[in-house]
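Have a look at structure-v2.csv; it's CSV, N, CA and C atoms:
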```
chain,number,residue,atom,x,y,z
A,8,VAL,N,0.9,-1.2,0.0
A,8,VAL,CA,0.0,0.0,0.0
A,8,VAL,C,0.9,1.2,0.0
A,9,SER,N,0.7,2.0,-0.9
A,9,SER,CA,1.5,3.3,-1.0
A,9,SER,C,0.8,4.4,-0.4
A,10,ALA,N,1.5,5.4,0.1
A,10,ALA,CA,0.9,6.6,0.7
A,10,ALA,C,-0.1,7.2,-0.2
A,11,GLY,N,-1.2,7.6,0.2
A,11,GLY,CA,-2.2,8.2,-0.6
A,11,GLY,C,-3.3,7.3,-1.1
A,12,GLU,N,-3.0,6.0,-1.1
A,12,GLU,CA,-4.0,5.0,-1.5
A,12,GLU,C,-4.9,4.8,-0.3
A,13,ASN,N,-6.2,4.6,-0.6
A,13,ASN,CA,-7.2,4.4,0.5
A,13,ASN,C,-7.7,3.0,0.4
A,14,TYR,N,-7.4,2.2,1.4
A,14,TYR,CA,-7.9,0.8,1.4
A,14,TYR,C,-8.8,0.7,2.6
A,15,ASN,N,-9.8,0.0,2.5
A,15,ASN,CA,-10.8,-0.2,3.6
A,15,ASN,C,-10.6,-1.5,4.3
A,16,HIS,N,-9.9,-1.5,5.4
A,16,HIS,CA,-9.7,-2.7,6.2
A,16,HIS,C,-10.7,-2.8,7.3
A,17,LYS,N,-11.2,-4.1,7.5
A,17,LYS,CA,-12.2,-4.3,8.4
A,17,LYS,C,-11.8,-5.6,9.3
A,18,GLU,N,-11.8,-5.4,10.6
A,18,GLU,CA,-11.5,-6.5,11.4
A,18,GLU,C,-12.7,-7.4,11.4
A,19,ILE,N,-12.5,-8.7,11.2
A,19,ILE,CA,-13.6,-9.6,11.1
A,19,ILE,C,-13.6,-10.5,12.4
A,20,TYR,N,-12.4,-11.0,12.7
A,20,TYR,CA,-12.3,-11.9,13.8
A,20,TYR,C,-11.1,-11.4,14.7
A,21,GLN,N,-11.2,-11.8,16.0
A,21,GLN,CA,-10.1,-11.6,16.9
A,21,GLN,C,-9.8,-12.9,17.6
A,22,VAL,N,-8.6,-13.4,17.5
A,22,VAL,CA,-8.3,-14.7,18.0
A,22,VAL,C,-7.4,-14.5,19.3
A,23,ARG,N,-7.9,-15.0,20.4
A,23,ARG,CA,-7.2,-14.9,21.7
A,23,ARG,C,-6.7,-16.3,22.2
A,24,THR,N,-7.4,-17.3,21.8
A,24,THR,CA,-7.1,-18.7,22.3
A,24,THR,C,-7.0,-19.6,21.2
A,25,ILE,N,-6.5,-20.8,21.4
A,25,ILE,CA,-6.4,-21.8,20.4
A,25,ILE,C,-7.8,-22.2,20.0
A,26,GLU,N,-8.8,-22.2,20.9
A,26,GLU,CA,-10.2,-22.5,20.6
A,26,GLU,C,-10.7,-21.5,19.6
A,27,ASN,N,-10.4,-20.2,19.9
A,27,ASN,CA,-10.8,-19.2,18.9
A,27,ASN,C,-10.3,-19.4,17.6
A,28,PHE,N,-9.0,-19.7,17.5
A,28,PHE,CA,-8.3,-20.0,16.2
A,28,PHE,C,-9.0,-21.0,15.4
A,29,TRP,N,-9.3,-22.2,16.0
A,29,TRP,CA,-10.0,-23.3,15.3
A,29,TRP,C,-11.4,-22.9,14.9
A,30,GLY,N,-12.0,-22.1,15.8
A,30,GLY,CA,-13.4,-21.6,15.4
A,30,GLY,C,-13.3,-20.7,14.2
A,31,VAL,N,-12.3,-19.9,14.1
A,31,VAL,CA,-12.2,-19.0,12.9
A,31,VAL,C,-11.8,-19.9,11.7
A,32,PHE,N,-10.7,-20.7,11.9
A,32,PHE,CA,-10.2,-21.5,10.8
A,32,PHE,C,-11.3,-22.4,10.2
A,33,ASN,N,-12.1,-23.0,11.0
A,33,ASN,CA,-13.1,-24.0,10.5
A,33,ASN,C,-14.3,-23.3,9.9
A,34,ASN,N,-14.3,-21.9,10.0
A,34,ASN,CA,-15.5,-21.2,9.4
A,34,ASN,C,-15.0,-20.2,8.4
A,35,LEU,N,-13.8,-20.3,7.9
A,35,LEU,CA,-13.3,-19.4,6.8
A,35,LEU,C,-14.2,-19.7,5.6
A,36,PRO,N,-14.5,-18.7,4.8
A,36,PRO,CA,-15.2,-18.9,3.6
A,36,PRO,C,-14.4,-19.7,2.6
A,37,LYS,N,-15.1,-20.4,1.7
A,37,LYS,CA,-14.4,-21.2,0.6
A,37,LYS,C,-14.0,-20.2,-0.4
A,38,PRO,N,-13.0,-20.5,-1.2
A,38,PRO,CA,-12.5,-19.5,-2.2
A,38,PRO,C,-13.6,-19.0,-3.1
A,39,SER,N,-14.6,-19.9,-3.5
A,39,SER,CA,-15.7,-19.5,-4.3
A,39,SER,C,-16.6,-18.5,-3.7
A,40,GLU,N,-16.5,-18.3,-2.4
A,40,GLU,CA,-17.4,-17.4,-1.6
A,40,GLU,C,-16.7,-16.1,-1.3
A,41,ILE,N,-15.4,-15.9,-1.7
A,41,ILE,CA,-14.7,-14.7,-1.5
A,41,ILE,C,-14.8,-13.9,-2.8
A,42,PRO,N,-15.2,-12.6,-2.7
A,42,PRO,CA,-15.2,-11.8,-3.9
A,42,PRO,C,-13.9,-11.6,-4.6
A,43,GLN,N,-13.9,-11.5,-5.9
A,43,GLN,CA,-12.7,-11.3,-6.6
A,43,GLN,C,-12.0,-10.0,-6.1
A,44,LYS,N,-10.7,-10.0,-6.2
A,44,LYS,CA,-9.9,-8.8,-5.8
A,44,LYS,C,-10.1,-8.5,-4.3
A,45,CYS,N,-10.4,-9.5,-3.6
A,45,CYS,CA,-10.5,-9.3,-2.1
A,45,CYS,C,-9.2,-9.9,-1.5
A,46,SER,N,-8.7,-9.3,-0.5
A,46,SER,CA,-7.5,-9.8,0.2
A,46,SER,C,-7.8,-10.0,1.6
A,47,LEU,N,-7.3,-11.1,2.1
A,47,LEU,CA,-7.5,-11.5,3.5
A,47,LEU,C,-6.1,-11.3,4.2
A,48,PHE,N,-6.1,-10.7,5.4
A,48,PHE,CA,-4.9,-10.5,6.1
A,48,PHE,C,-5.0,-11.2,7.5
A,49,LEU,N,-4.0,-11.8,8.0
A,49,LEU,CA,-3.9,-12.3,9.3
A,49,LEU,C,-2.8,-11.4,10.0
A,50,MET,N,-3.3,-10.6,10.9
A,50,MET,CA,-2.4,-9.6,11.5
A,50,MET,C,-2.3,-9.8,13.0
A,51,ARG,N,-1.2,-9.4,13.6
A,51,ARG,CA,-1.0,-9.5,15.0
A,51,ARG,C,-1.5,-8.2,15.7
A,52,ASP,N,-2.2,-8.4,16.7
A,52,ASP,CA,-2.7,-7.3,17.5
A,52,ASP,C,-3.5,-6.3,16.6
A,53,LYS,N,-3.2,-5.0,16.7
A,53,LYS,CA,-3.9,-4.0,15.9
A,53,LYS,C,-2.9,-3.4,14.8
A,54,ILE,N,-2.0,-4.2,14.4
A,54,ILE,CA,-1.0,-3.8,13.3
A,54,ILE,C,-1.8,-3.8,12.0
A,55,GLU,N,-1.8,-2.7,11.3
A,55,GLU,CA,-2.4,-2.6,10.1
A,55,GLU,C,-1.6,-3.2,9.0
A,56,PRO,N,-2.2,-3.8,7.9
A,56,PRO,CA,-1.5,-4.4,6.8
A,56,PRO,C,-1.0,-3.4,5.8
A,57,ARG,N,0.0,-2.5,6.3
A,57,ARG,CA,0.6,-1.5,5.5
A,57,ARG,C,2.1,-1.5,5.7
A,58,TRP,N,2.8,-1.4,4.6
A,58,TRP,CA,4.2,-1.4,4.7
A,58,TRP,C,4.7,-0.2,5.5
A,59,GLU,N,4.0,0.9,5.6
A,59,GLU,CA,4.4,2.1,6.3
A,59,GLU,C,4.3,1.9,7.8
A,60,HIS,N,3.6,0.9,8.3
A,60,HIS,CA,3.4,0.7,9.7
A,60,HIS,C,4.8,0.3,10.3
A,61,PRO,N,5.2,1.0,11.4
A,61,PRO,CA,6.5,0.7,12.0
A,61,PRO,C,6.8,-0.7,12.3
A,62,GLN,N,5.8,-1.5,12.7
A,62,GLN,CA,6.1,-2.9,13.1
A,62,GLN,C,6.1,-3.8,11.9
A,63,ASN,N,5.9,-3.2,10.7
A,63,ASN,CA,6.0,-4.1,9.5
A,63,ASN,C,7.3,-3.8,8.7
A,64,THR,N,8.2,-3.1,9.3
A,64,THR,CA,9.5,-2.7,8.7
A,64,THR,C,10.2,-3.9,8.1
A,65,ASN,N,10.3,-5.0,8.9
A,65,ASN,CA,11.0,-6.2,8.4
A,65,ASN,C,10.0,-7.3,8.0
A,66,GLY,N,8.8,-6.9,7.7
A,66,GLY,CA,7.7,-7.8,7.3
A,66,GLY,C,7.8,-8.3,5.9
A,67,CYS,N,6.9,-9.1,5.5
A,67,CYS,CA,6.9,-9.6,4.1
A,67,CYS,C,5.5,-10.1,3.8
A,68,ASN,N,5.2,-10.5,2.6
A,68,ASN,CA,4.0,-11.0,2.2
A,68,ASN,C,4.2,-12.3,1.5
A,69,PHE,N,3.2,-13.1,1.4
A,69,PHE,CA,3.2,-14.4,0.7
A,69,PHE,C,2.1,-14.4,-0.2
A,70,VAL,N,2.3,-14.6,-1.5
A,70,VAL,CA,1.3,-14.7,-2.5
A,70,VAL,C,1.4,-16.0,-3.2
A,71,LEU,N,0.3,-16.7,-3.3
A,71,LEU,CA,0.3,-18.0,-4.0
A,71,LEU,C,-0.7,-18.0,-5.0
A,72,ARG,N,-0.3,-18.1,-6.3
A,72,ARG,CA,-1.3,-18.1,-7.4
A,72,ARG,C,-1.5,-19.6,-7.9
A,73,VAL,N,-2.7,-20.0,-7.9
A,73,VAL,CA,-3.0,-21.3,-8.4
A,73,VAL,C,-4.1,-21.3,-9.4
A,74,LYS,N,-4.3,-22.4,-10.1
A,74,LYS,CA,-5.4,-22.5,-11.1
A,74,LYS,C,-6.7,-22.5,-10.3
A,75,LYS,N,-7.7,-21.8,-10.9
A,75,LYS,CA,-9.0,-21.7,-10.2
A,75,LYS,C,-9.6,-23.0,-9.8
A,76,GLU,N,-9.4,-24.1,-10.6
A,76,GLU,CA,-10.0,-25.4,-10.3
A,76,GLU,C,-9.3,-26.0,-9.1
A,77,ASP,N,-8.1,-25.6,-8.8
A,77,ASP,CA,-7.3,-26.2,-7.7
A,77,ASP,C,-7.4,-25.3,-6.4
A,78,SER,N,-8.1,-24.2,-6.5
A,78,SER,CA,-8.1,-23.3,-5.4
A,78,SER,C,-8.7,-23.8,-4.1
A,79,ALA,N,-9.8,-24.6,-4.2
A,79,ALA,CA,-10.5,-25.1,-3.0
A,79,ALA,C,-9.6,-26.1,-2.3
A,80,THR,N,-8.9,-27.0,-3.1
A,80,THR,CA,-8.0,-28.0,-2.5
A,80,THR,C,-6.8,-27.3,-1.8
A,81,ILE,N,-6.2,-26.3,-2.5
A,81,ILE,CA,-5.1,-25.6,-2.0
A,81,ILE,C,-5.5,-24.9,-0.7
A,82,TRP,N,-6.6,-24.2,-0.7
A,82,TRP,CA,-7.1,-23.5,0.4
A,82,TRP,C,-7.2,-24.3,1.7
A,83,GLU,N,-7.7,-25.5,1.5
A,83,GLU,CA,-7.9,-26.5,2.6
A,83,GLU,C,-6.5,-27.0,3.1
```
Represent the structure of the file as structure tokens.
Amino acid sequence: VSAGENYNHKEIYQVRTIENFWGVFNNLPKPSEIPQKCSLFLMRDKIEPRWEHPQNTNGCNFVLRVKKEDSATIWE
């Protein structure tokens, strides 16, 4: 995200325990249910998914591109 671009981030879940994690993980939408050009972020605490955030200085991102017909299997 470069300065000046406006992205609308929305917290959907907050995980505090392993039980919370599995509750979230087991209820994630399937790839076919996620709108195109939508990004999902798993962030620690209230750190925003922006390169400019001080706690992301040494961060990275992981992008995996797969064939559409393989997406459900890869997602699981």
Step by step: start from the point (-14.6, -13.0, 4.5) in the file's coordinates, keep every protein, DNA or RNA residue that has an atom no farther than 10 Å from it, count only C-alpha atoms, and write the set as a ChimeraX atom specification.
/A:17-20,34-38,40-42,45-47
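Restricting the calculation to only C-alpha atoms, the smallest distance between Trp82 in chain A and any of A:Asn15, A:Ile25, A:Thr64, A:Ser39 is found for A:Ser39.
In this model, the gap between CA of Glu26 in chain A and CA of His60 in chain A comes to 29.0 Å.
Our summary of the geometry notes that CA of Val70 in chain A is positioned 13.1 Å from CA of Lys44 in chain A.
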Counting only C-alpha atoms, which of A:Thr80, A:His16, A:Lys75, A:Gly30 gets nearest to Lys53 in chain A?
A:His16
Between atom N of Phe28 in chain A and CA of Glu83 in chain A, distance in Å (one decimal)
16.4 Å
List every residue of chain A that DSSP, applied to the backbone, labels as alpha helix (DSSP H), and write the result as a ChimeraX atom specification.
/A:25-32,78-82
Hey, could you patch up range 61-79 of chain A with N, CA, C and O atoms and hand it over as an mmCIF file, keeping the file's coordinate frame?
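Result file is part-v2.cif:
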```
data_model
loop_
_atom_site.group_PDB
_atom_site.id
_atom_site.type_symbol
_atom_site.label_atom_id
_atom_site.label_comp_id
_atom_site.auth_asym_id
_atom_site.auth_seq_id
_atom_site.Cartn_x
_atom_site.Cartn_y
_atom_site.Cartn_z
ATOM 1 N N PRO A 61 5.200 1.000 11.400
ATOM 2 C CA PRO A 61 6.500 0.700 12.000
ATOM 3 C C PRO A 61 6.800 -0.700 12.300
ATOM 4 O O PRO A 61 7.949 -1.170 12.206
ATOM 5 N N GLN A 62 5.800 -1.500 12.700
ATOM 6 C CA GLN A 62 6.100 -2.900 13.100
ATOM 7 C C GLN A 62 6.100 -3.800 11.900
ATOM 8 O O GLN A 62 6.293 -4.989 12.055
ATOM 9 N N ASN A 63 5.900 -3.200 10.700
ATOM 10 C CA ASN A 63 6.000 -4.100 9.500
ATOM 11 C C ASN A 63 7.300 -3.800 8.700
ATOM 12 O O ASN A 63 7.490 -4.295 7.619
ATOM 13 N N THR A 64 8.200 -3.100 9.300
ATOM 14 C CA THR A 64 9.500 -2.700 8.700
ATOM 15 C C THR A 64 10.200 -3.900 8.100
ATOM 16 O O THR A 64 10.683 -3.878 6.983
ATOM 17 N N ASN A 65 10.300 -5.000 8.900
ATOM 18 C CA ASN A 65 11.000 -6.200 8.400
ATOM 19 C C ASN A 65 10.000 -7.300 8.000
ATOM 20 O O ASN A 65 10.316 -8.448 7.926
ATOM 21 N N GLY A 66 8.800 -6.900 7.700
ATOM 22 C CA GLY A 66 7.700 -7.800 7.300
ATOM 23 C C GLY A 66 7.800 -8.300 5.900
ATOM 24 O O GLY A 66 8.716 -7.860 5.111
ATOM 25 N N CYS A 67 6.900 -9.100 5.500
ATOM 26 C CA CYS A 67 6.900 -9.600 4.100
ATOM 27 C C CYS A 67 5.500 -10.100 3.800
ATOM 28 O O CYS A 67 4.597 -10.022 4.665
ATOM 29 N N ASN A 68 5.200 -10.500 2.600
ATOM 30 C CA ASN A 68 4.000 -11.000 2.200
ATOM 31 C C ASN A 68 4.200 -12.300 1.500
ATOM 32 O O ASN A 68 5.239 -12.532 0.910
ATOM 33 N N PHE A 69 3.200 -13.100 1.400
ATOM 34 C CA PHE A 69 3.200 -14.400 0.700
ATOM 35 C C PHE A 69 2.100 -14.400 -0.200
ATOM 36 O O PHE A 69 0.907 -14.273 0.204
ATOM 37 N N VAL A 70 2.300 -14.600 -1.500
ATOM 38 C CA VAL A 70 1.300 -14.700 -2.500
ATOM 39 C C VAL A 70 1.400 -16.000 -3.200
ATOM 40 O O VAL A 70 2.530 -16.427 -3.620
ATOM 41 N N LEU A 71 0.300 -16.700 -3.300
ATOM 42 C CA LEU A 71 0.300 -18.000 -4.000
ATOM 43 C C LEU A 71 -0.700 -18.000 -5.000
ATOM 44 O O LEU A 71 -1.922 -17.779 -4.746
ATOM 45 N N ARG A 72 -0.300 -18.100 -6.300
ATOM 46 C CA ARG A 72 -1.300 -18.100 -7.400
ATOM 47 C C ARG A 72 -1.500 -19.600 -7.900
ATOM 48 O O ARG A 72 -0.484 -20.250 -8.116
ATOM 49 N N VAL A 73 -2.700 -20.000 -7.900
ATOM 50 C CA VAL A 73 -3.000 -21.300 -8.400
ATOM 51 C C VAL A 73 -4.100 -21.300 -9.400
ATOM 52 O O VAL A 73 -4.847 -20.286 -9.546
ATOM 53 N N LYS A 74 -4.300 -22.400 -10.100
ATOM 54 C CA LYS A 74 -5.400 -22.500 -11.100
ATOM 55 C C LYS A 74 -6.700 -22.500 -10.300
ATOM 56 O O LYS A 74 -6.808 -23.021 -9.209
ATOM 57 N N LYS A 75 -7.700 -21.800 -10.900
ATOM 58 C CA LYS A 75 -9.000 -21.700 -10.200
ATOM 59 C C LYS A 75 -9.600 -23.000 -9.800
ATOM 60 O O LYS A 75 -10.078 -23.193 -8.697
ATOM 61 N N GLU A 76 -9.400 -24.100 -10.600
ATOM 62 C CA GLU A 76 -10.000 -25.400 -10.300
ATOM 63 C C GLU A 76 -9.300 -26.000 -9.100
ATOM 64 O O GLU A 76 -9.795 -26.956 -8.512
ATOM 65 N N ASP A 77 -8.100 -25.600 -8.800
ATOM 66 C CA ASP A 77 -7.300 -26.200 -7.700
ATOM 67 C C ASP A 77 -7.400 -25.300 -6.400
ATOM 68 O O ASP A 77 -6.958 -25.756 -5.365
ATOM 69 N N SER A 78 -8.100 -24.200 -6.500
ATOM 70 C CA SER A 78 -8.100 -23.300 -5.400
ATOM 71 C C SER A 78 -8.700 -23.800 -4.100
ATOM 72 O O SER A 78 -8.228 -23.628 -2.995
ATOM 73 N N ALA A 79 -9.800 -24.600 -4.200
ATOM 74 C CA ALA A 79 -10.500 -25.100 -3.000
ATOM 75 C C ALA A 79 -9.600 -26.100 -2.300
ATOM 76 O O ALA A 79 -9.486 -26.109 -1.081
#
```
